[in-house]
Amino acid sequence: MKLLTHNILTSHVKGVTKGYPLLIKATEVRVNEVEFNPQFVSRMIPKLEWSALVQAAEGLGHLQDLPSSLIQDYENNEEFLRKVHRVLLEVEVIEGCLQCPESGREFPISRGVPNMLLNEDDS
Amino acid sequence: MSSCRRPEHMAPPEVFYNEEEAKKYSQNSRMIEIQSQMSERAVELLNLPEDQPCFLLDVGCGSGLSGDYLSEEGHVWVGMDISTAMLDVALEREVEGDLILGDMGQGMPFRPGSFDGCISISALQWLCNADKKSHSPPKRLYTFFSTLYSSLARGARAVFQIYPENSEQLELITAQAMKAGFTGGMVVDYPNSSKAKKFFLCLFAGVSGVLPKGLGSETVDRGVSNQAQFTGQRSRFKNMKGKSVKKSKDWIMEKKERRRRQGKDVRADTKYTGRQRRPRF
């Protein structure tokens, strides 16, 4: 699960109103090399919850030099876009779980795939 | 697909797509070809801005055959599927998209406005059957469509390639999609070829769009439409038992034929036979 995916994932347990962001408890993290596309990163930035991204990266120990708040005029700042690209698309959680901040319900992650299946009682 | 014509009648998807079936599905070169073509057409119908990498959702992504096409086009995608066996094959095939194990009938677990578009190849019909006692297909369809609607950006589209079983199923699907706020309709490619005919449910989130034309429309001058908006749609499918829908034109023609065979006195068939009357008739 890449941090881009984590940034858009919420808990859809029945009755939960504050199911975002999911807390990451990772036991295995991997960093891949992914082709850098500045156009894509630039377009995604306005859609991201920046604080959730920073929090997630920090929790995984991969924050490095990503700023805690969005900088101005990022579209033309290649260095900044590369930092965002790394955190968004190259850091991947392989094993662990995601925890709903409100209900405490845990969604396991196995081989990089989060299991978002709900049981009968929480859907 | 296997020798059975409608796999969703055999078992729920997470059971049907076991390891064996998943492997078969992903190694069959004809299957790969068809899936790739349908994905290409679905992406075309998404009408995404040219030369721009987009963030897309693939519902019922399976082993990633459709996702591979999305990657080829330079898009970043997230796929969701209910079968662990199929997702395992996707992982083995090292697809580029992120995969999620989930049930579309339980709702899309995403923040509002996340995706630029959504495609789904041969998956939606699985939602139309109640696989568990607690399942209500209309409710699951509505849960799916309403959460999908919110997870799409304004102006985004969702395109579903489906194999509709009968007109009731089509009506059920489109009714729930409309209820969830979508506009749009059905695009039918090659309506006159039983082999090539393909159905794409094309939904718009937030803005009304012009429904794209179906392919193979050289029969336009014969008045055969291959577009069907949600209202005024006429389908002449047979139902599950292979019988025509009651009171439809097919049913009327068949009944007349039956009575002729029985030797009864039956009016000749004209162009007015079985035609829809005006409400005051």
# chains A, B, ... in the order shown; residues from 1 in each chain; ligands from 1
$ residues_around --residues "stretch 96-109 of chain A" --least-positions-apart "6" --cutoff "7 Å" --atoms "only C-alpha atoms" --output "VMD selection string"
chain A and resid 11 16 18 to 20 22 to 28 115 to 116
$ select_by_dssp --residues "stretch 14-86 of chain A" --states "strand (DSSP E or B)" --output "ChimeraX atom specification"
/A:23-31
$ write_last_selection --atoms "N, CA and C atoms" --output "PDB file, in the first residue's frame"
ATOM      1  N   LEU A  23      -4.745   5.044  11.076  1.00  0.00           N
ATOM      2  CA  LEU A  23      -3.427   4.988  11.697  1.00  0.00           C
ATOM      3  C   LEU A  23      -2.664   3.786  11.141  1.00  0.00           C
ATOM      4  N   ILE A  24      -1.418   4.033  10.691  1.00  0.00           N
ATOM      5  CA  ILE A  24      -0.633   2.931  10.123  1.00  0.00           C
ATOM      6  C   ILE A  24       0.237   2.283  11.203  1.00  0.00           C
ATOM      7  N   LYS A  25       0.093   0.964  11.326  1.00  0.00           N
ATOM      8  CA  LYS A  25       0.998   0.213  12.201  1.00  0.00           C
ATOM      9  C   LYS A  25       1.738  -0.750  11.281  1.00  0.00           C
ATOM     10  N   ALA A  26       2.947  -0.367  10.896  1.00  0.00           N
ATOM     11  CA  ALA A  26       3.662  -1.169   9.904  1.00  0.00           C
ATOM     12  C   ALA A  26       4.734  -2.041  10.537  1.00  0.00           C
ATOM     13  N   THR A  27       4.808  -3.284  10.049  1.00  0.00           N
ATOM     14  CA  THR A  27       5.885  -4.160  10.496  1.00  0.00           C
ATOM     15  C   THR A  27       6.904  -4.360   9.386  1.00  0.00           C
ATOM     16  N   GLU A  28       6.500  -4.055   8.146  1.00  0.00           N
ATOM     17  CA  GLU A  28       7.443  -4.146   7.031  1.00  0.00           C
ATOM     18  C   GLU A  28       7.157  -3.046   6.024  1.00  0.00           C
ATOM     19  N   VAL A  29       8.174  -2.261   5.720  1.00  0.00           N
ATOM     20  CA  VAL A  29       8.038  -1.165   4.765  1.00  0.00           C
ATOM     21  C   VAL A  29       9.091  -1.346   3.682  1.00  0.00           C
ATOM     22  N   ARG A  30       8.746  -0.987   2.479  1.00  0.00           N
ATOM     23  CA  ARG A  30       9.697  -1.142   1.365  1.00  0.00           C
ATOM     24  C   ARG A  30       9.736   0.157   0.579  1.00  0.00           C
ATOM     25  N   VAL A  31      10.901   0.474   0.033  1.00  0.00           N
ATOM     26  CA  VAL A  31      10.997   1.646  -0.836  1.00  0.00           C
ATOM     27  C   VAL A  31      11.333   1.162  -2.238  1.00  0.00           C
TER      28      VAL A  31
END
$ closest_atom_pairs --of "chain B" --to "chain A" --cutoff "10 Å" --atoms "only C-alpha atoms" --output "Markdown table"
| residue | atom | partner | partner_atom | distance |
| --- | --- | --- | --- | --- |
| B:Gln52 | CA | A:Phe40 | CA | 7.6 |
| B:Pro53 | CA | A:Phe40 | CA | 5.7 |
| B:Cys54 | CA | A:Phe40 | CA | 7.0 |
| B:Phe55 | CA | A:Met44 | CA | 8.1 |
| B:Gly74 | CA | A:Asn37 | CA | 9.4 |
| B:His75 | CA | A:Phe40 | CA | 8.6 |
| B:Val76 | CA | A:Phe40 | CA | 8.5 |
| B:Trp77 | CA | A:Thr5 | CA | 9.3 |
| B:Val78 | CA | A:Thr5 | CA | 7.3 |
| B:Met80 | CA | A:Met116 | CA | 9.6 |
| B:Ile82 | CA | A:Leu117 | CA | 8.2 |
| B:Thr84 | CA | A:Asn115 | CA | 9.5 |
| B:Leu87 | CA | A:Val113 | CA | 8.5 |
| B:Asp88 | CA | A:Arg111 | CA | 9.0 |
| B:Leu91 | CA | A:Arg111 | CA | 8.3 |
| B:Glu96 | CA | A:Val34 | CA | 9.4 |
| B:Gly97 | CA | A:Lys2 | CA | 9.4 |
| B:Asp98 | CA | A:Met1 | CA | 6.0 |
| B:Leu99 | CA | A:Val113 | CA | 5.5 |
| B:Ile100 | CA | A:Val113 | CA | 5.4 |
| B:Leu101 | CA | A:Asn115 | CA | 4.7 |
| B:Gly102 | CA | A:Leu117 | CA | 4.8 |
| B:Asp103 | CA | A:Leu117 | CA | 6.1 |
| B:Met104 | CA | A:Leu117 | CA | 9.3 |
| B:Gly105 | CA | A:Ser123 | CA | 9.8 |
| B:Gln106 | CA | A:Ser123 | CA | 6.5 |
| B:Gly107 | CA | A:His12 | CA | 7.2 |
| B:Met108 | CA | A:His12 | CA | 7.6 |
| B:Pro109 | CA | A:Thr10 | CA | 5.2 |
| B:Phe110 | CA | A:Leu9 | CA | 4.7 |
| B:Arg111 | CA | A:Ile8 | CA | 5.2 |
| B:Pro112 | CA | A:Ile8 | CA | 8.4 |
| B:Gly113 | CA | A:Lys47 | CA | 7.8 |
| B:Ser114 | CA | A:Ile8 | CA | 6.5 |
| B:Phe115 | CA | A:Lys47 | CA | 9.2 |
| B:Ser134 | CA | A:Glu120 | CA | 8.4 |
| B:Thr147 | CA | A:His12 | CA | 9.7 |
| B:Ser151 | CA | A:Ile8 | CA | 9.1 |
| B:Ala153 | CA | A:Lys47 | CA | 9.5 |
$ residues_around --residues "B:Ser122" --least-positions-apart "6" --cutoff "7 Å" --atoms "only C-alpha atoms" --output "PDB file with N, CA and C atoms, in the first residue's frame"
ATOM      1  N   GLN B 161     -18.163  -1.905 -18.011  1.00  0.00           N
ATOM      2  CA  GLN B 161     -18.506  -2.878 -19.053  1.00  0.00           C
ATOM      3  C   GLN B 161     -19.247  -3.999 -18.344  1.00  0.00           C
ATOM      4  N   ILE B 162     -20.475  -4.280 -18.814  1.00  0.00           N
ATOM      5  CA  ILE B 162     -21.252  -5.324 -18.141  1.00  0.00           C
ATOM      6  C   ILE B 162     -21.878  -6.288 -19.138  1.00  0.00           C
ATOM      7  N   TYR B 163     -22.223  -7.454 -18.645  1.00  0.00           N
ATOM      8  CA  TYR B 163     -22.996  -8.439 -19.416  1.00  0.00           C
ATOM      9  C   TYR B 163     -24.365  -8.515 -18.753  1.00  0.00           C
TER      10      TYR B 163
END
$ residues_around --residues "A:Tyr74" --least-positions-apart "4" --cutoff "12 Å" --atoms "only C-alpha atoms" --output "PyMOL selection string"
chain A and resi 38-39+41-46+67+69-70+78-84
$ atom_distance --atom1 "atom CA of B:Ala123" --atom2 "atom CA of B:Val59"
7.3 Å
$ residues_around --residues "B:Phe160" --least-positions-apart "6" --cutoff "7 Å" --atoms "only C-alpha atoms" --output "list in words"
Ile119, Ser120, Ile121, Phe200, Leu201 and Cys202 of chain B
$ residues_around --residues "B:Phe145" --least-positions-apart "6" --cutoff "8 Å" --atoms "only C-alpha atoms" --output "PDB file with all heavy atoms, in the first residue's frame"
ATOM      1  N   GLY B 107     -19.417  -0.603  -0.006  1.00  0.00           N
ATOM      2  CA  GLY B 107     -19.106   0.817  -0.125  1.00  0.00           C
ATOM      3  C   GLY B 107     -17.634   1.076  -0.390  1.00  0.00           C
ATOM      4  O   GLY B 107     -16.771   0.276  -0.055  1.00  0.00           O
ATOM      5  N   GLN B 176     -30.559   2.353  -9.320  1.00  0.00           N
ATOM      6  CA  GLN B 176     -29.729   2.641  -8.145  1.00  0.00           C
ATOM      7  C   GLN B 176     -28.663   3.680  -8.466  1.00  0.00           C
ATOM      8  O   GLN B 176     -28.312   4.508  -7.616  1.00  0.00           O
ATOM      9  CB  GLN B 176     -29.086   1.354  -7.609  1.00  0.00           C
ATOM     10  CG  GLN B 176     -30.085   0.302  -7.130  1.00  0.00           C
ATOM     11  CD  GLN B 176     -31.103   0.836  -6.151  1.00  0.00           C
ATOM     12  OE1 GLN B 176     -30.767   1.555  -5.210  1.00  0.00           O
ATOM     13  NE2 GLN B 176     -32.373   0.533  -6.390  1.00  0.00           N
ATOM     14  N   ALA B 177     -28.126   3.646  -9.669  1.00  0.00           N
ATOM     15  CA  ALA B 177     -27.113   4.624 -10.059  1.00  0.00           C
ATOM     16  C   ALA B 177     -27.711   6.030 -10.092  1.00  0.00           C
ATOM     17  O   ALA B 177     -27.097   6.999  -9.620  1.00  0.00           O
ATOM     18  CB  ALA B 177     -26.521   4.273 -11.419  1.00  0.00           C
ATOM     19  N   ALA B 180     -28.332   7.408  -6.720  1.00  0.00           N
ATOM     20  CA  ALA B 180     -27.103   7.835  -6.069  1.00  0.00           C
ATOM     21  C   ALA B 180     -26.611   9.173  -6.585  1.00  0.00           C
ATOM     22  O   ALA B 180     -25.638   9.726  -6.072  1.00  0.00           O
ATOM     23  CB  ALA B 180     -26.017   6.775  -6.263  1.00  0.00           C
TER      24      ALA B 180
END
$ atom_distance --atom1 "atom CA of B:Ser208" --atom2 "atom CA of B:Ser71"
27.9 Å
$ atom_distance --atom1 "atom CA of B:Glu165" --atom2 "atom CA of B:Gln125"
8.1 Å
$ residues_around --residues "B:Ser39" --least-positions-apart "4" --cutoff "7 Å" --atoms "only C-alpha atoms" --output "NGL selection string"
:B and (35 or 43 or 66 or 69 or 121)
$ write_last_selection --atoms "N, CA, C and O atoms" --output "PDB file, in the first residue's frame"
ATOM      1  N   GLN B  35     -10.194  -8.562 -22.585  1.00  0.00           N
ATOM      2  CA  GLN B  35     -10.146  -7.636 -21.450  1.00  0.00           C
ATOM      3  C   GLN B  35      -9.421  -6.355 -21.822  1.00  0.00           C
ATOM      4  O   GLN B  35      -9.837  -5.253 -21.451  1.00  0.00           O
ATOM      5  N   VAL B  43     -11.739   3.230 -21.228  1.00  0.00           N
ATOM      6  CA  VAL B  43     -10.927   4.431 -20.994  1.00  0.00           C
ATOM      7  C   VAL B  43     -11.291   5.508 -22.015  1.00  0.00           C
ATOM      8  O   VAL B  43     -11.357   6.691 -21.683  1.00  0.00           O
ATOM      9  N   SER B  66      -7.056  -5.325 -16.739  1.00  0.00           N
ATOM     10  CA  SER B  66      -7.476  -3.987 -17.149  1.00  0.00           C
ATOM     11  C   SER B  66      -6.507  -2.943 -16.598  1.00  0.00           C
ATOM     12  O   SER B  66      -6.187  -1.962 -17.271  1.00  0.00           O
ATOM     13  N   TYR B  69      -3.572  -2.090 -18.739  1.00  0.00           N
ATOM     14  CA  TYR B  69      -3.852  -1.135 -19.811  1.00  0.00           C
ATOM     15  C   TYR B  69      -3.782   0.295 -19.278  1.00  0.00           C
ATOM     16  O   TYR B  69      -3.254   1.192 -19.925  1.00  0.00           O
ATOM     17  N   ILE B 121     -14.505  -3.599 -15.432  1.00  0.00           N
ATOM     18  CA  ILE B 121     -14.699  -4.522 -16.555  1.00  0.00           C
ATOM     19  C   ILE B 121     -15.270  -5.837 -16.046  1.00  0.00           C
ATOM     20  O   ILE B 121     -14.648  -6.519 -15.228  1.00  0.00           O
TER      21      ILE B 121
END
$ select_by_dssp --residues "stretch 13-120 of chain A" --states "helix (DSSP H, G or I)" --output "PyMOL selection string"
chain A and resi 38-47+50-59+74-76+78-90+120
$ decode --residues "stretch 103-140 of chain B" --atoms "N, CA and C atoms" --output "tab-separated table (two decimals), in the first residue's frame"
chain	number	residue	atom	x	y	z
B	103	ASP	N	-15.12	-5.46	-0.78
B	103	ASP	CA	-16.40	-5.83	-1.37
B	103	ASP	C	-17.10	-4.56	-1.82
B	104	MET	N	-17.30	-4.40	-3.13
B	104	MET	CA	-17.86	-3.14	-3.61
B	104	MET	C	-19.26	-2.87	-3.05
B	105	GLY	N	-19.97	-3.93	-2.71
B	105	GLY	CA	-21.31	-3.75	-2.14
B	105	GLY	C	-21.30	-3.20	-0.73
B	106	GLN	N	-20.11	-3.15	-0.11
B	106	GLN	CA	-20.01	-2.59	1.24
B	106	GLN	C	-19.65	-1.11	1.20
B	107	GLY	N	-19.42	-0.60	-0.01
B	107	GLY	CA	-19.11	0.82	-0.13
B	107	GLY	C	-17.63	1.08	-0.39
B	108	MET	N	-17.38	2.19	-1.05
B	108	MET	CA	-16.01	2.56	-1.39
B	108	MET	C	-15.37	3.31	-0.22
B	109	PRO	N	-14.25	2.79	0.32
B	109	PRO	CA	-13.65	3.40	1.51
B	109	PRO	C	-12.70	4.55	1.17
B	110	PHE	N	-13.19	5.53	0.41
B	110	PHE	CA	-12.30	6.61	-0.02
B	110	PHE	C	-12.84	7.98	0.35
B	111	ARG	N	-11.91	8.93	0.47
B	111	ARG	CA	-12.26	10.32	0.74
B	111	ARG	C	-13.00	10.90	-0.46
B	112	PRO	N	-13.91	11.87	-0.23
B	112	PRO	CA	-14.61	12.48	-1.37
B	112	PRO	C	-13.68	13.12	-2.38
B	113	GLY	N	-14.04	13.00	-3.64
B	113	GLY	CA	-13.29	13.65	-4.72
B	113	GLY	C	-11.92	13.09	-4.99
B	114	SER	N	-11.67	11.84	-4.64
B	114	SER	CA	-10.32	11.29	-4.78
B	114	SER	C	-9.91	10.97	-6.22
B	115	PHE	N	-10.84	10.42	-7.01
B	115	PHE	CA	-10.46	9.88	-8.31
B	115	PHE	C	-10.91	10.72	-9.51
B	116	ASP	N	-10.07	10.69	-10.57
B	116	ASP	CA	-10.41	11.38	-11.81
B	116	ASP	C	-11.35	10.56	-12.67
B	117	GLY	N	-11.51	9.30	-12.34
B	117	GLY	CA	-12.38	8.44	-13.13
B	117	GLY	C	-12.37	7.03	-12.57
B	118	CYS	N	-13.34	6.24	-13.05
B	118	CYS	CA	-13.43	4.86	-12.56
B	118	CYS	C	-13.79	3.95	-13.73
B	119	ILE	N	-13.12	2.81	-13.84
B	119	ILE	CA	-13.58	1.80	-14.81
B	119	ILE	C	-13.84	0.50	-14.08
B	120	SER	N	-14.67	-0.31	-14.71
B	120	SER	CA	-14.96	-1.61	-14.14
B	120	SER	C	-15.29	-2.55	-15.30
B	121	ILE	N	-14.50	-3.60	-15.43
B	121	ILE	CA	-14.70	-4.52	-16.56
B	121	ILE	C	-15.27	-5.84	-16.05
B	122	SER	N	-16.45	-6.16	-16.54
B	122	SER	CA	-17.11	-7.45	-16.23
B	122	SER	C	-17.23	-7.72	-14.74
B	123	ALA	N	-17.57	-6.71	-13.94
B	123	ALA	CA	-17.66	-6.94	-12.50
B	123	ALA	C	-19.03	-6.62	-11.90
B	124	LEU	N	-19.70	-5.63	-12.45
B	124	LEU	CA	-20.92	-5.14	-11.81
B	124	LEU	C	-22.03	-6.19	-11.68
B	125	GLN	N	-22.08	-7.11	-12.63
B	125	GLN	CA	-23.18	-8.10	-12.56
B	125	GLN	C	-23.10	-8.97	-11.29
B	126	TRP	N	-21.91	-9.07	-10.71
B	126	TRP	CA	-21.76	-9.85	-9.48
B	126	TRP	C	-22.54	-9.25	-8.32
B	127	LEU	N	-22.81	-7.94	-8.39
B	127	LEU	CA	-23.54	-7.28	-7.30
B	127	LEU	C	-25.03	-7.55	-7.36
B	128	CYS	N	-25.50	-8.11	-8.47
B	128	CYS	CA	-26.93	-8.25	-8.66
B	128	CYS	C	-27.50	-9.53	-8.07
B	129	ASN	N	-26.65	-10.36	-7.51
B	129	ASN	CA	-27.12	-11.60	-6.91
B	129	ASN	C	-26.91	-11.56	-5.41
B	130	ALA	N	-27.86	-12.10	-4.68
B	130	ALA	CA	-27.73	-12.16	-3.23
B	130	ALA	C	-26.95	-13.41	-2.88
B	131	ASP	N	-25.68	-13.25	-2.51
B	131	ASP	CA	-24.85	-14.42	-2.19
B	131	ASP	C	-24.97	-14.83	-0.74
B	132	LYS	N	-25.49	-13.92	0.07
B	132	LYS	CA	-25.69	-14.29	1.49
B	132	LYS	C	-27.13	-13.95	1.84
B	133	LYS	N	-27.61	-14.58	2.93
B	133	LYS	CA	-29.00	-14.31	3.32
B	133	LYS	C	-29.20	-12.83	3.64
B	134	SER	N	-28.17	-12.21	4.17
B	134	SER	CA	-28.30	-10.82	4.61
B	134	SER	C	-28.19	-9.83	3.45
B	135	HIS	N	-27.84	-10.33	2.25
B	135	HIS	CA	-27.64	-9.44	1.11
B	135	HIS	C	-28.96	-8.96	0.52
B	136	SER	N	-29.01	-7.69	0.23
B	136	SER	CA	-30.11	-7.18	-0.57
B	136	SER	C	-29.47	-6.50	-1.77
B	137	PRO	N	-29.55	-7.09	-2.96
B	137	PRO	CA	-28.88	-6.50	-4.12
B	137	PRO	C	-29.17	-5.03	-4.35
B	138	PRO	N	-30.44	-4.58	-4.27
B	138	PRO	CA	-30.65	-3.15	-4.50
B	138	PRO	C	-29.91	-2.29	-3.48
B	139	LYS	N	-29.90	-2.74	-2.22
B	139	LYS	CA	-29.23	-1.96	-1.17
B	139	LYS	C	-27.72	-1.93	-1.42
B	140	ARG	N	-27.15	-3.08	-1.80
B	140	ARG	CA	-25.71	-3.14	-2.05
B	140	ARG	C	-25.33	-2.30	-3.26
